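Peer 1: This is the structure I have questions about; it appears just below.
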Amino acid sequence: MDLDAIIGRIPDHPKPGIVFYDVMPIFADPSALDYVIAQIVDWARPREVDVVLGAESRGFILGGGIARALGAGFVAARKPGKLPGVTVGHDYDLEYGTDRLEIQEGALHPGQRVLIHDDLLATGGTGAAKVALVEAQGAVVVGTAFIVELDFLGGRERLAPHEVMSLVHYASEELTK
């Protein structure tokens with residue numbers, strides 16, 4: 001399936017000079033949605049995943065479906081103040097600012113095998129924050145899976161030595177398809 005033909009590109013969002021890669025059209029297309037989940041699940045299954053960790057908010061959309069297909073649980077990484085109870089968090093840099101992700105304390109357990117999922121890998125800041133959250137709980141990152149990877153921003157290197165799987169790669173910020 002040609003996911004590149006489905007993914008939108010929106011210039012100057014969320015800030016001038018940034019191209020936003022919009023995966024929402026994939027979610028609206030049942031065959032594309034099924035294809036993306038199947039590809040990630042096929043890659044993840046040999047890793048014996050116990051939990052899928054998805055980040056707010058597009059990481060939630062596929063994260064639950066991936067977890068269900070793997071027979072795994074799902075843990076949400078959210079922005080500060082969104083989760084009830086005691087949380088643990090990690091601050092990180094974005095290509096256009098800083099942010100923080102939190103998970104509920106005790107949501108992950110030592111030794112659990114965690115697949116980190118999100119829609120897009122750019123600089124790797126969000127992914128690295130999720131890795132830090134997982135490892136701080138004593139769980140093990142068994143891989144990271146993305147729909148889109150912006151190769152020109154070097155996020156894969158930031159996630160090393162963890163395995164990275166991405167379905168669509170972009171070498172530059174071109175607006176043309």
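Every chain in the structure tokens has a letter given in the order shown (A, B, ...), and although residue numbers restart at 1 in each chain, ligands are simply numbered from 1 in the order shown.
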Region 136-152 of chain A: which residues within 9 Å, counting only C-alpha atoms, same-chain residues fewer than 2 positions away excluded, as a short mmCIF file (atom, residue, chain, number, x, y, z; two decimals) with N, CA and C atoms, in the first residue's frame?

Peer 2:
data_model
loop_
_atom_site.label_atom_id
_atom_site.label_comp_id
_atom_site.auth_asym_id
_atom_site.auth_seq_id
_atom_site.Cartn_x
_atom_site.Cartn_y
_atom_site.Cartn_z
N LEU A 3 1.34 4.35 1.39
CA LEU A 3 0.94 5.25 2.49
C LEU A 3 1.33 6.69 2.21
N TYR A 21 3.36 16.33 9.01
CA TYR A 21 2.99 15.13 8.25
C TYR A 21 1.72 14.57 8.90
N VAL A 23 -1.11 12.09 9.46
CA VAL A 23 -1.48 10.68 9.29
C VAL A 23 -2.97 10.44 9.51
N VAL A 36 -1.65 -0.66 8.26
CA VAL A 36 -0.64 -0.13 9.19
C VAL A 36 -0.57 -0.98 10.45
N ILE A 40 2.79 -3.28 11.64
CA ILE A 40 3.45 -3.08 12.94
C ILE A 40 3.35 -4.35 13.79
N TRP A 43 5.78 -7.03 12.65
CA TRP A 43 7.14 -6.71 13.07
C TRP A 43 7.32 -6.96 14.58
N ALA A 44 6.29 -6.61 15.36
CA ALA A 44 6.39 -6.66 16.81
C ALA A 44 6.19 -8.06 17.40
N ARG A 47 8.87 -10.11 19.09
CA ARG A 47 9.49 -9.44 20.23
C ARG A 47 8.78 -9.75 21.56
N GLU A 48 7.71 -10.54 21.49
CA GLU A 48 6.97 -10.99 22.68
C GLU A 48 6.59 -9.83 23.59
N VAL A 49 5.82 -8.93 23.06
CA VAL A 49 5.41 -7.69 23.72
C VAL A 49 4.38 -7.98 24.81
N GLY A 59 -0.56 8.53 19.02
CA GLY A 59 -0.06 7.23 19.45
C GLY A 59 -1.12 6.39 20.13
N VAL A 88 4.68 9.45 37.00
CA VAL A 88 6.10 9.69 36.81
C VAL A 88 6.24 10.32 35.43
N GLU A 105 2.17 5.95 37.83
CA GLU A 105 3.12 5.15 38.60
C GLU A 105 2.56 3.75 38.75
N GLY A 106 3.38 2.76 38.48
CA GLY A 106 2.94 1.37 38.60
C GLY A 106 2.27 0.81 37.36
N ALA A 107 2.13 1.63 36.30
CA ALA A 107 1.51 1.14 35.07
C ALA A 107 2.38 0.10 34.37
N LEU A 108 3.69 0.23 34.56
CA LEU A 108 4.65 -0.74 34.02
C LEU A 108 5.37 -1.41 35.18
N HIS A 109 5.75 -2.67 34.96
CA HIS A 109 6.40 -3.44 36.02
C HIS A 109 7.77 -3.92 35.57
N PRO A 110 8.68 -4.10 36.52
CA PRO A 110 10.01 -4.58 36.17
C PRO A 110 9.94 -5.86 35.32
N GLY A 111 10.72 -5.84 34.25
CA GLY A 111 10.80 -7.00 33.37
C GLY A 111 9.77 -7.04 32.26
N GLN A 112 8.72 -6.24 32.34
CA GLN A 112 7.74 -6.24 31.25
C GLN A 112 8.40 -5.81 29.95
N ARG A 113 7.96 -6.43 28.86
CA ARG A 113 8.49 -6.15 27.53
C ARG A 113 7.57 -5.15 26.85
N VAL A 114 8.13 -3.98 26.53
CA VAL A 114 7.31 -2.85 26.06
C VAL A 114 7.67 -2.47 24.63
N LEU A 115 6.65 -2.37 23.81
CA LEU A 115 6.77 -1.80 22.47
C LEU A 115 6.33 -0.34 22.55
N ILE A 116 7.21 0.55 22.15
CA ILE A 116 6.86 1.97 22.10
C ILE A 116 6.33 2.28 20.72
N HIS A 117 5.15 2.92 20.69
CA HIS A 117 4.53 3.27 19.40
C HIS A 117 4.17 4.75 19.37
N ASP A 118 4.38 5.35 18.22
CA ASP A 118 3.89 6.70 17.97
C ASP A 118 3.70 6.86 16.46
N ASP A 119 3.05 7.95 16.08
CA ASP A 119 2.78 8.15 14.67
C ASP A 119 4.01 8.56 13.89
N LEU A 120 4.90 9.35 14.51
CA LEU A 120 6.00 9.96 13.76
C LEU A 120 7.27 10.03 14.58
N LEU A 121 8.39 9.70 13.94
CA LEU A 121 9.71 9.85 14.54
C LEU A 121 10.42 11.01 13.84
N ALA A 122 10.71 12.06 14.59
CA ALA A 122 11.42 13.22 14.05
C ALA A 122 12.81 13.28 14.68
N THR A 123 13.00 14.13 15.67
CA THR A 123 14.31 14.25 16.32
C THR A 123 14.55 13.14 17.33
N GLY A 127 10.33 9.96 21.56
CA GLY A 127 10.67 8.55 21.70
C GLY A 127 11.64 8.31 22.84
N VAL A 131 11.23 6.01 26.16
CA VAL A 131 12.23 5.02 26.58
C VAL A 131 12.61 5.26 28.03
N ALA A 132 12.87 6.51 28.39
CA ALA A 132 13.26 6.84 29.77
C ALA A 132 12.16 6.48 30.75
N LEU A 133 10.90 6.74 30.40
CA LEU A 133 9.79 6.38 31.28
C LEU A 133 9.70 4.87 31.49
N VAL A 134 9.85 4.12 30.41
CA VAL A 134 9.78 2.66 30.49
C VAL A 134 10.91 2.13 31.37
N GLY A 154 17.29 12.69 12.22
CA GLY A 154 18.18 11.85 13.02
C GLY A 154 17.60 11.21 14.26
N GLY A 155 16.29 11.07 14.35
CA GLY A 155 15.68 10.48 15.53
C GLY A 155 16.08 9.04 15.79
N ARG A 156 16.30 8.29 14.74
CA ARG A 156 16.68 6.87 14.88
C ARG A 156 17.97 6.74 15.69
N LEU A 159 17.49 7.07 19.41
CA LEU A 159 16.84 5.93 20.07
C LEU A 159 17.76 4.71 20.19
N HIS A 162 18.02 0.86 20.67
CA HIS A 162 16.72 0.21 20.47
C HIS A 162 16.37 0.11 18.99
N GLU A 163 15.73 -1.01 18.64
CA GLU A 163 15.32 -1.21 17.26
C GLU A 163 14.21 -0.24 16.90
N VAL A 164 14.28 0.27 15.68
CA VAL A 164 13.29 1.21 15.17
C VAL A 164 12.68 0.64 13.89
N MET A 165 11.36 0.64 13.82
CA MET A 165 10.63 0.24 12.63
C MET A 165 9.75 1.39 12.21
N SER A 166 9.85 1.79 10.95
CA SER A 166 9.00 2.85 10.41
C SER A 166 8.48 2.40 9.05
N LEU A 167 7.24 2.73 8.78
CA LEU A 167 6.62 2.30 7.53
C LEU A 167 6.90 3.23 6.36
N VAL A 168 7.03 4.52 6.63
CA VAL A 168 7.26 5.51 5.58
C VAL A 168 8.44 6.38 6.00
N HIS A 169 9.36 6.59 5.09
CA HIS A 169 10.55 7.41 5.36
C HIS A 169 10.54 8.64 4.46
N TYR A 170 10.92 9.79 5.04
CA TYR A 170 11.08 11.02 4.26
C TYR A 170 12.51 11.52 4.46
N ALA A 171 13.17 11.80 3.34
CA ALA A 171 14.56 12.25 3.37
C ALA A 171 14.67 13.77 3.48
N SER A 172 13.58 14.49 3.22
CA SER A 172 13.58 15.96 3.30
C SER A 172 12.16 16.44 3.50
N GLU A 173 12.01 17.74 3.78
CA GLU A 173 10.68 18.32 3.97
C GLU A 173 10.13 18.85 2.65
#

Peer 1: Run DSSP on the backbone and give me the residues of chain A it puts in alpha helix (DSSP H), as a VMD selection string.

Peer 2: chain A and resid 24 to 28 30 to 44 58 to 70 125 to 136 155 to 159

Peer 1: For the residues selected in the previous step, produce a file with C-alpha atoms as a short mmCIF file (atom, residue, chain, number, x, y, z; two decimals), in the first residue's frame.

Peer 2:
data_model
loop_
_atom_site.label_atom_id
_atom_site.label_comp_id
_atom_site.auth_asym_id
_atom_site.auth_seq_id
_atom_site.Cartn_x
_atom_site.Cartn_y
_atom_site.Cartn_z
CA MET A 24 -5.15 11.28 10.10
CA PRO A 25 -6.18 10.31 6.53
CA ILE A 26 -4.70 6.85 7.23
CA PHE A 27 -6.99 6.50 10.25
CA ALA A 28 -10.00 7.50 8.15
CA PRO A 30 -10.25 1.35 6.83
CA SER A 31 -7.90 -0.54 4.51
CA ALA A 32 -4.97 1.79 5.29
CA LEU A 33 -5.69 1.54 9.01
CA ASP A 34 -5.80 -2.26 8.81
CA TYR A 35 -2.59 -2.32 6.75
CA VAL A 36 -0.64 -0.13 9.19
CA ILE A 37 -1.72 -2.13 12.24
CA ALA A 38 -0.93 -5.43 10.48
CA GLN A 39 2.55 -4.26 9.44
CA ILE A 40 3.45 -3.08 12.94
CA VAL A 41 2.00 -6.21 14.57
CA ASP A 42 3.90 -8.50 12.17
CA TRP A 43 7.14 -6.71 13.07
CA ALA A 44 6.39 -6.66 16.81
CA ARG A 58 -2.03 10.01 17.74
CA GLY A 59 -0.06 7.23 19.45
CA PHE A 60 -3.31 6.30 21.20
CA ILE A 61 -5.21 5.72 17.98
CA LEU A 62 -3.17 2.76 16.78
CA GLY A 63 -1.64 1.80 20.12
CA GLY A 64 -4.78 0.14 21.44
CA GLY A 65 -5.35 -1.75 18.19
CA ILE A 66 -1.74 -2.92 18.09
CA ALA A 67 -1.93 -4.04 21.73
CA ARG A 68 -5.16 -5.95 21.12
CA ALA A 69 -3.73 -7.71 18.07
CA LEU A 70 -0.62 -8.69 20.06
CA GLY A 125 12.89 13.54 21.70
CA THR A 126 9.44 12.08 22.33
CA GLY A 127 10.67 8.55 21.70
CA ALA A 128 13.63 9.02 24.03
CA ALA A 129 11.27 10.35 26.71
CA LYS A 130 9.13 7.22 26.38
CA VAL A 131 12.23 5.02 26.58
CA ALA A 132 13.26 6.84 29.77
CA LEU A 133 9.79 6.38 31.28
CA VAL A 134 9.78 2.66 30.49
CA GLU A 135 13.28 2.05 31.80
CA ALA A 136 12.69 4.11 34.97
CA GLY A 155 15.68 10.48 15.53
CA ARG A 156 16.68 6.87 14.88
CA GLU A 157 20.19 7.55 16.14
CA ARG A 158 18.80 9.11 19.32
CA LEU A 159 16.84 5.93 20.07
#

Peer 1: Would you list the contacts of Gly85 (chain A) as a ChimeraX atom specification, taking every protein, DNA or RNA residue within 7 Å and counting only C-alpha atoms, but skipping same-chain residues closer than 2 positions in sequence?

Peer 2: /A:83,87,104

Peer 1: In Å, rounded to a single decimal, give me how far CA of Glu102 (chain A) is from CA of Gly54 (chain A).

Peer 2: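 One can read the CA of Gly54 (chain A) to CA of Glu102 (chain A) distance as 11.2 Å.
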
Peer 1: Take CA of Gly89 (chain A) and CA of Ala77 (chain A) and report the distance between them in Å, one decimal.

Peer 2: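 So the two atoms, CA of Gly89 (chain A) and CA of Ala77 (chain A), lie 8.9 Å apart.
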
Peer 1: Would you mind reading off the distance between CA of Val19 (chain A) and CA of Ala5 (chain A), one decimal, in Å?

Peer 2: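 Pair CA of Val19 (chain A) / CA of Ala5 (chain A) returns 16.0 Å.
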
Peer 1: Give me the residues within 10 Å of Lys79 (chain A) as an MDAnalysis selection string, counting only C-alpha atoms and dropping any in the same chain fewer than 4 places off.

Peer 2: chainID A and resid 55:57 83 89 99:103

Peer 1: Write the residues of the selection above to a file with N, CA and C atoms, as a PDB file, in the first residue's frame.

Peer 2:
ATOM      1  N   ALA A  55       1.909   7.381  22.943  1.00  0.00           N
ATOM      2  CA  ALA A  55       1.935   8.758  23.441  1.00  0.00           C
ATOM      3  C   ALA A  55       0.760   9.553  22.900  1.00  0.00           C
ATOM      4  N   GLU A  56       0.337  10.514  23.716  1.00  0.00           N
ATOM      5  CA  GLU A  56      -0.731  11.430  23.348  1.00  0.00           C
ATOM      6  C   GLU A  56      -0.357  12.173  22.073  1.00  0.00           C
ATOM      7  N   SER A  57      -1.180  12.359  21.142  1.00  0.00           N
ATOM      8  CA  SER A  57      -2.492  11.748  21.089  1.00  0.00           C
ATOM      9  C   SER A  57      -2.626  10.754  19.945  1.00  0.00           C
ATOM     10  N   LEU A  83      -3.507  12.513  33.657  1.00  0.00           N
ATOM     11  CA  LEU A  83      -3.723  11.198  34.253  1.00  0.00           C
ATOM     12  C   LEU A  83      -4.050  11.327  35.740  1.00  0.00           C
ATOM     13  N   GLY A  89       7.188  11.252  35.295  1.00  0.00           N
ATOM     14  CA  GLY A  89       7.293  11.965  34.032  1.00  0.00           C
ATOM     15  C   GLY A  89       8.714  12.147  33.566  1.00  0.00           C
ATOM     16  N   ASP A  99       8.688  19.755  26.025  1.00  0.00           N
ATOM     17  CA  ASP A  99       7.431  19.180  26.483  1.00  0.00           C
ATOM     18  C   ASP A  99       7.724  18.161  27.587  1.00  0.00           C
ATOM     19  N   ARG A 100       6.669  17.507  28.075  1.00  0.00           N
ATOM     20  CA  ARG A 100       6.790  16.503  29.130  1.00  0.00           C
ATOM     21  C   ARG A 100       5.742  15.427  28.898  1.00  0.00           C
ATOM     22  N   LEU A 101       6.116  14.186  29.153  1.00  0.00           N
ATOM     23  CA  LEU A 101       5.185  13.067  29.135  1.00  0.00           C
ATOM     24  C   LEU A 101       5.175  12.412  30.500  1.00  0.00           C
ATOM     25  N   GLU A 102       4.007  11.886  30.872  1.00  0.00           N
ATOM     26  CA  GLU A 102       3.856  11.182  32.142  1.00  0.00           C
ATOM     27  C   GLU A 102       3.096   9.881  31.930  1.00  0.00           C
ATOM     28  N   ILE A 103       3.379   8.915  32.798  1.00  0.00           N
ATOM     29  CA  ILE A 103       2.582   7.690  32.880  1.00  0.00           C
ATOM     30  C   ILE A 103       2.190   7.509  34.335  1.00  0.00           C
TER      31      ILE A 103
END
